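**Student:** Before I ask anything, let me first share the structure, which is written out below as structure tokens.
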Amino acid sequence: MLVSVIIPVYNTEQYLPACLDSVICQTYQEIEIILVDDGSTDRSLEICTDYAKRDSRILVVQGEHQGLVAARKRGTQKSSGQYCMFVDSDDWIAENLVESVLSMSENGTIDLLSYSTVSIEGGRITQWSHTVSEGKYEKERLKTLHKKMMFDFNAGCPGVIQSLWTKLIKRELLEKSVREVEDGITMGEDAAVVYQALLLAKTVVITNDSFYFYRIHETSMCHAKDPDIFSKIYRFRQYMTKVFEAYEEEYGLKEQLQAYLLLLIRIGLRDIFSVELRDLYHIPFDLDVGGKKLILYGAGAVGKSYYRQLRQLEKIELVAWIDRGLQNRYIYDYKIQAPEDLSRLDFDKILIAVKNREMAMEIKSQLGKVVPEEKILWGEPRIYWWEKEIEL
């Protein structure tokens, strides 16, 4: 079974060889590799042609710079595999990606398979996951996927990872999904293809196995500050509204789109106006009962949200704010102290401000060596996706 691996290329000479090596060295060798050079002005095209001379499976497609959507269309038109997948030219893939996802395709009967990814930014590694359950979706179960694919209201994020490069898609399905996308869509271009393909697919498989490595660097699109971002979001909205009009209201696609747009708008507010819309993490305890001397442990996103709420509670005295990694720094003009300072403080309760249960239990275990257990509070923060806080 032939698989087409489509790689749009634009000015990524620094990372391109590592990307191509990871594709060429796949454990499954029945692949064609389509390199679509989108008018690169560095050595990217030269690298592509050099690799093509060494591997007969590589086809180089040249063209003027027209953008990512147009490059993907050109690559799809040139493909001949039963399945297609995309790789960005500054990323890389696991050597068993193609073999692994094909093994889940049930001998080529699955229309679309969505896997997971790991993002790497400097020394920070982040695991992405779908919020919908893993497994096969078809017939009635497929409808449950449609109701959460673009936005899972319980989780406050997309139910199915929106990235096109975490998908194995039948070529005829991809052609239908990518054909109508406007070349000028440069915000939400992955989502424009992925969610339409999910609506057209008859069988879908979801897995949280990670085979793709997404490299975030200084020139990554996610770091670009675009003054036209809001007009681009509007253009994406108009396109997706047209796509969703053809489907039943029972899927709640209009509501999913509106919530998804908020994710994009948050990016624009941050990049253009330096305004952060943060999740509001509700403290899961009734603390306003009078006379409480409280220590806040944790100064990350949850800790900052808790701090802002605590400042509104007149009957709570914040004795100290503690964080091992941020000690001696000032946040909101409040000095962060070290855990070692606990022995010198007079307090009634310690409130652990982290979201992850495993991390919270580790902190609680360490605190339990010097603090009575009944003084330590932790509960999973309550989050409502529509509630946001402004952080300047």
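Ligands are numbered from 1 in the order shown, chains are lettered A, B, ... in the order of the structure tokens, and residues start at 1 in each chain.
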From the DSSP assignment of the backbone, select every residue of segment 79-133 of chain A that is helix (DSSP H, G or I), and format the answer as an mmCIF file with N, CA and C atoms, in the first residue's frame.
**Tutor:**
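Below is the file result-v1.cif, written as the result:
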data_model
loop_
_atom_site.group_PDB
_atom_site.id
_atom_site.type_symbol
_atom_site.label_atom_id
_atom_site.label_comp_id
_atom_site.auth_asym_id
_atom_site.auth_seq_id
_atom_site.Cartn_x
_atom_site.Cartn_y
_atom_site.Cartn_z
ATOM 1 N N LEU A 97 6.501 5.797 12.249
ATOM 2 C CA LEU A 97 5.214 6.485 12.084
ATOM 3 C C LEU A 97 4.337 5.811 11.038
ATOM 4 N N VAL A 98 4.821 5.709 9.811
ATOM 5 C CA VAL A 98 3.988 5.179 8.730
ATOM 6 C C VAL A 98 3.562 3.742 9.030
ATOM 7 N N GLU A 99 4.509 2.928 9.468
ATOM 8 C CA GLU A 99 4.191 1.532 9.771
ATOM 9 C C GLU A 99 3.133 1.424 10.862
ATOM 10 N N SER A 100 3.268 2.243 11.900
ATOM 11 C CA SER A 100 2.354 2.161 13.045
ATOM 12 C C SER A 100 0.940 2.593 12.688
ATOM 13 N N VAL A 101 0.809 3.707 11.981
ATOM 14 C CA VAL A 101 -0.534 4.179 11.679
ATOM 15 C C VAL A 101 -1.211 3.309 10.626
ATOM 16 N N LEU A 102 -0.426 2.757 9.705
ATOM 17 C CA LEU A 102 -1.017 1.839 8.727
ATOM 18 C C LEU A 102 -1.553 0.585 9.398
ATOM 19 N N SER A 103 -0.888 0.155 10.467
ATOM 20 C CA SER A 103 -1.353 -1.037 11.178
ATOM 21 C C SER A 103 -2.704 -0.807 11.853
#
**Student:** Pick out the residues sitting within 12 Å of Lys143 of chain A, and hand them over as a list in words; count only C-alpha atoms, and ignore anything fewer than 3 positions along from it in its own chain.
**Tutor:**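 My reading of the contact set: Tyr137, Glu138, Lys139, Glu140, His146, Lys147, Lys148, Met149, Leu198, Leu199, Leu200, Ala201, Lys202, Thr203, Val204, Tyr247, Glu248, Glu249, Glu250, Tyr251, Gly252 and Leu253 of chain A.
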**Student:** Neighbouring residues of Glu180 of chain A were defined as those with any atom within 10 Å, considering only C-alpha atoms; residues of the same chain fewer than 2 positions away were excluded. Please report them as a list in words.
**Tutor:**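 Listing them by chain and then by number gives Lys73, Glu175, Lys176, Ser177, Val178, Glu182, Asp183, Ala192, Val193, Tyr239 and Val243 of chain A.
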**Student:** Put those residues in a file: all heavy atoms, as a tab-separated table (two decimals), in the first residue's frame.
**Tutor:**
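So the final result, stored in out-v4.tsv, reads:
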chain	number	residue	atom	x	y	z
A	73	LYS	N	-2.04	22.00	-1.61
A	73	LYS	CA	-2.86	21.61	-2.76
A	73	LYS	C	-1.99	21.01	-3.87
A	73	LYS	O	-2.34	19.99	-4.46
A	73	LYS	CB	-3.62	22.82	-3.30
A	73	LYS	CG	-4.78	23.27	-2.42
A	73	LYS	CD	-5.48	24.46	-3.05
A	73	LYS	CE	-6.65	24.94	-2.20
A	73	LYS	NZ	-7.33	26.11	-2.79
A	175	GLU	N	-8.40	15.20	-1.04
A	175	GLU	CA	-8.64	16.04	-2.22
A	175	GLU	C	-9.93	16.84	-2.06
A	175	GLU	O	-9.98	18.04	-2.37
A	175	GLU	CB	-8.70	15.18	-3.48
A	175	GLU	CG	-7.34	14.63	-3.91
A	175	GLU	CD	-7.45	13.68	-5.09
A	175	GLU	OE1	-8.56	13.16	-5.33
A	175	GLU	OE2	-6.41	13.45	-5.75
A	176	LYS	N	-10.97	16.21	-1.57
A	176	LYS	CA	-12.25	16.90	-1.37
A	176	LYS	C	-12.12	17.98	-0.30
A	176	LYS	O	-12.72	19.06	-0.42
A	176	LYS	CB	-13.33	15.90	-0.97
A	176	LYS	CG	-13.72	14.90	-2.04
A	176	LYS	CD	-14.74	13.90	-1.50
A	176	LYS	CE	-15.07	12.84	-2.53
A	176	LYS	NZ	-16.01	11.82	-1.99
A	177	SER	N	-11.37	17.69	0.73
A	177	SER	CA	-11.28	18.60	1.88
A	177	SER	C	-10.39	19.80	1.61
A	177	SER	O	-10.64	20.90	2.13
A	177	SER	CB	-10.76	17.84	3.12
A	177	SER	OG	-11.58	16.74	3.40
A	178	VAL	N	-9.34	19.61	0.82
A	178	VAL	CA	-8.37	20.67	0.59
A	178	VAL	C	-8.71	21.52	-0.61
A	178	VAL	O	-8.28	22.68	-0.72
A	178	VAL	CB	-6.94	20.09	0.45
A	178	VAL	CG1	-6.72	19.51	-0.94
A	178	VAL	CG2	-5.87	21.11	0.79
A	182	GLU	N	-9.60	28.31	0.62
A	182	GLU	CA	-9.05	29.47	-0.07
A	182	GLU	C	-7.55	29.57	0.21
A	182	GLU	O	-7.10	29.42	1.35
A	182	GLU	CB	-9.75	30.74	0.40
A	182	GLU	CG	-11.25	30.75	0.17
A	182	GLU	CD	-11.93	31.90	0.89
A	182	GLU	OE1	-11.22	32.82	1.36
A	182	GLU	OE2	-13.17	31.88	0.99
A	183	ASP	N	-6.78	29.84	-0.84
A	183	ASP	CA	-5.34	29.96	-0.68
A	183	ASP	C	-4.96	31.06	0.31
A	183	ASP	O	-3.93	30.99	0.97
A	183	ASP	CB	-4.68	30.26	-2.03
A	183	ASP	CG	-4.73	29.07	-2.98
A	183	ASP	OD1	-5.20	27.99	-2.56
A	183	ASP	OD2	-4.31	29.22	-4.15
A	192	ALA	N	-9.24	24.16	8.82
A	192	ALA	CA	-10.13	24.26	7.67
A	192	ALA	C	-10.19	22.94	6.91
A	192	ALA	O	-11.23	22.56	6.36
A	192	ALA	CB	-9.68	25.39	6.75
A	193	VAL	N	-9.08	22.22	6.86
A	193	VAL	CA	-9.02	20.93	6.16
A	193	VAL	C	-9.46	19.80	7.09
A	193	VAL	O	-10.29	18.96	6.73
A	193	VAL	CB	-7.60	20.65	5.64
A	193	VAL	CG1	-7.53	19.27	4.98
A	193	VAL	CG2	-7.16	21.73	4.66
A	239	TYR	N	-15.22	31.10	6.06
A	239	TYR	CA	-15.08	29.85	5.31
A	239	TYR	C	-15.71	28.70	6.08
A	239	TYR	O	-16.47	27.90	5.53
A	239	TYR	CB	-13.60	29.56	5.03
A	239	TYR	CG	-13.41	28.22	4.37
A	239	TYR	CD1	-13.71	28.04	3.02
A	239	TYR	CD2	-12.96	27.11	5.09
A	239	TYR	CE1	-13.56	26.80	2.41
A	239	TYR	CE2	-12.81	25.87	4.49
A	239	TYR	CZ	-13.12	25.73	3.15
A	239	TYR	OH	-13.00	24.51	2.55
A	243	VAL	N	-18.83	25.98	5.34
A	243	VAL	CA	-18.66	24.53	5.38
A	243	VAL	C	-19.70	23.89	6.31
A	243	VAL	O	-20.35	22.89	5.96
A	243	VAL	CB	-17.24	24.15	5.85
A	243	VAL	CG1	-17.13	22.64	6.14
A	243	VAL	CG2	-16.21	24.56	4.80
**Student:** Using only C-alpha atoms, which protein or nucleic acid residues come within 10 Å of segment 24-30 of chain A? Drop anything in the same chain fewer than 2 positions from it, and give the result as a list of chain:residue names.
**Tutor:**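 Residues meeting the cut-off are A:Met1, A:Leu2, A:Val3, A:Ser4, A:Cys19, A:Leu20, A:Asp21, A:Ser22, A:Glu32, A:Ile33, A:Tyr51, A:Asp55, A:Arg57, A:Ile58, A:Gly81, A:Ile93, A:Ala94, A:Glu95, A:Asn96, A:Leu97, A:Val98, A:Glu99, A:Ser100, A:Leu102.
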**Student:** Can you pull out every residue from segment 175-208 of chain A that DSSP, working from the backbone, puts in strand (DSSP E or B), and format the result as JSON, numbers by chain?
**Tutor:** {"A": [203, 204, 205, 206, 207, 208]}
**Student:** Counting only C-alpha atoms, what is within 10 Å of Ala18 of chain A, bar same-chain residues fewer than 3 positions away, as a ChimeraX atom specification?
**Tutor:** /A:13-15,21-23,89-93
**Student:** Nearest residue to Gln82 of chain A out of A:Pro158, A:Gly108, A:Gly63, A:Gly268, using only C-alpha atoms?
**Tutor:**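 Between A:Pro158, A:Gly108, A:Gly63, A:Gly268, the residue approaching Gln82 of chain A most closely is A:Gly108.
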**Student:** State, in Å with one decimal place, the distance from atom CA of Val370 of chain A to atom CA of Arg357 of chain A.
**Tutor:**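 Separation between atom CA of Val370 of chain A and atom CA of Arg357 of chain A: 20.6 Å.
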**Student:** Quick one: distance from atom CA of Glu172 of chain A to atom CA of Tyr10 of chain A in Å, one decimal?
**Tutor:** 25.8 Å
**Student:** So, with only C-alpha atoms as the atoms that count, which of A:Leu377, A:Ile161, A:Leu326, A:Leu174 lies closest to Ala338 of chain A?
**Tutor:**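 Ranked by minimum distance to Ala338 of chain A, first place goes to A:Leu326.
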**Student:** Do you know which residues are at most 8 Å from Gly135 of chain A counting only C-alpha atoms, after dropping those on the same chain fewer than 3 positions away, and could you put them as number ranges by chain?
**Tutor:** A: 205-207
**Student:** Can those selected residues be exported to a file as a short mmCIF file (atom, residue, chain, number, x, y, z; two decimals), in the first residue's frame so that it contains N, CA, C and O atoms?
**Tutor:**
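Heads up, here's the output in result13.cif:
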data_model
loop_
_atom_site.label_atom_id
_atom_site.label_comp_id
_atom_site.auth_asym_id
_atom_site.auth_seq_id
_atom_site.Cartn_x
_atom_site.Cartn_y
_atom_site.Cartn_z
N VAL A 205 -10.24 6.72 13.18
CA VAL A 205 -9.55 6.13 14.32
C VAL A 205 -8.78 7.24 15.05
O VAL A 205 -8.09 8.05 14.40
N ILE A 206 -8.92 7.28 16.36
CA ILE A 206 -8.21 8.25 17.21
C ILE A 206 -7.25 7.51 18.11
O ILE A 206 -7.62 6.52 18.76
N THR A 207 -6.00 7.95 18.16
CA THR A 207 -5.03 7.39 19.09
C THR A 207 -4.19 8.50 19.69
O THR A 207 -3.91 9.51 19.03
#
**Student:** Could you name the residues that touch Val9 of chain A at 7 Å or less, counting only C-alpha atoms, but leaving out those on the same chain fewer than 6 positions away, as a ChimeraX atom specification?
**Tutor:** /A:35-38,89
**Student:** To one decimal place in Å, what is the distance between atom CA of Leu342 of chain A and atom CA of Glu317 of chain A?
**Tutor:**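 Computed distance, atom CA of Leu342 of chain A to atom CA of Glu317 of chain A, equals 15.6 Å.
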**Student:** Go through segment 214-328 of chain A residue by residue and, counting only C-alpha atoms, keep those with an atom at most 9 Å from segment 118-125 of chain A; for each kept residue give the shortest atom pair and its distance in Å to one decimal, ordered by chain and increasing number, as a tab-separated table.
**Tutor:**
residue	atom	partner	partner_atom	distance
A:Tyr214	CA	A:Ser119	CA	4.5
A:Arg215	CA	A:Ile120	CA	5.1
A:Ile216	CA	A:Glu121	CA	4.9
A:His217	CA	A:Glu121	CA	6.5
**Student:** Which is closest to Gln62 of chain A among A:Ile272, A:Met150, A:Leu45, A:Ala299, if we use only C-alpha atoms?
**Tutor:**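 Of A:Ile272, A:Met150, A:Leu45, A:Ala299, the one nearest Gln62 of chain A is A:Leu45, counting only C-alpha atoms.
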**Student:** Which one of A:Trp385, A:Ile363, A:Met240, A:Ile376 sits closest to Arg278 of chain A if you count only C-alpha atoms?
**Tutor:**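 Using only C-alpha atoms, the shortest distance to Arg278 of chain A belongs to A:Trp385.
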**Student:** Return the single residue from A:Arg141, A:Ser116, A:Arg179, A:Met85 that is closest to Ala70 of chain A, with distances computed using only C-alpha atoms.
**Tutor:**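 When distances to Ala70 of chain A are compared using only C-alpha atoms, the smallest one comes from A:Arg179.
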**Student:** Tell me which of A:Ile265, A:Ile47, A:Val302, A:Leu296 sits closest to Ile229 of chain A, counting only C-alpha atoms.
**Tutor:**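 Among the listed residues, A:Ile265 lies closest to Ile229 of chain A.
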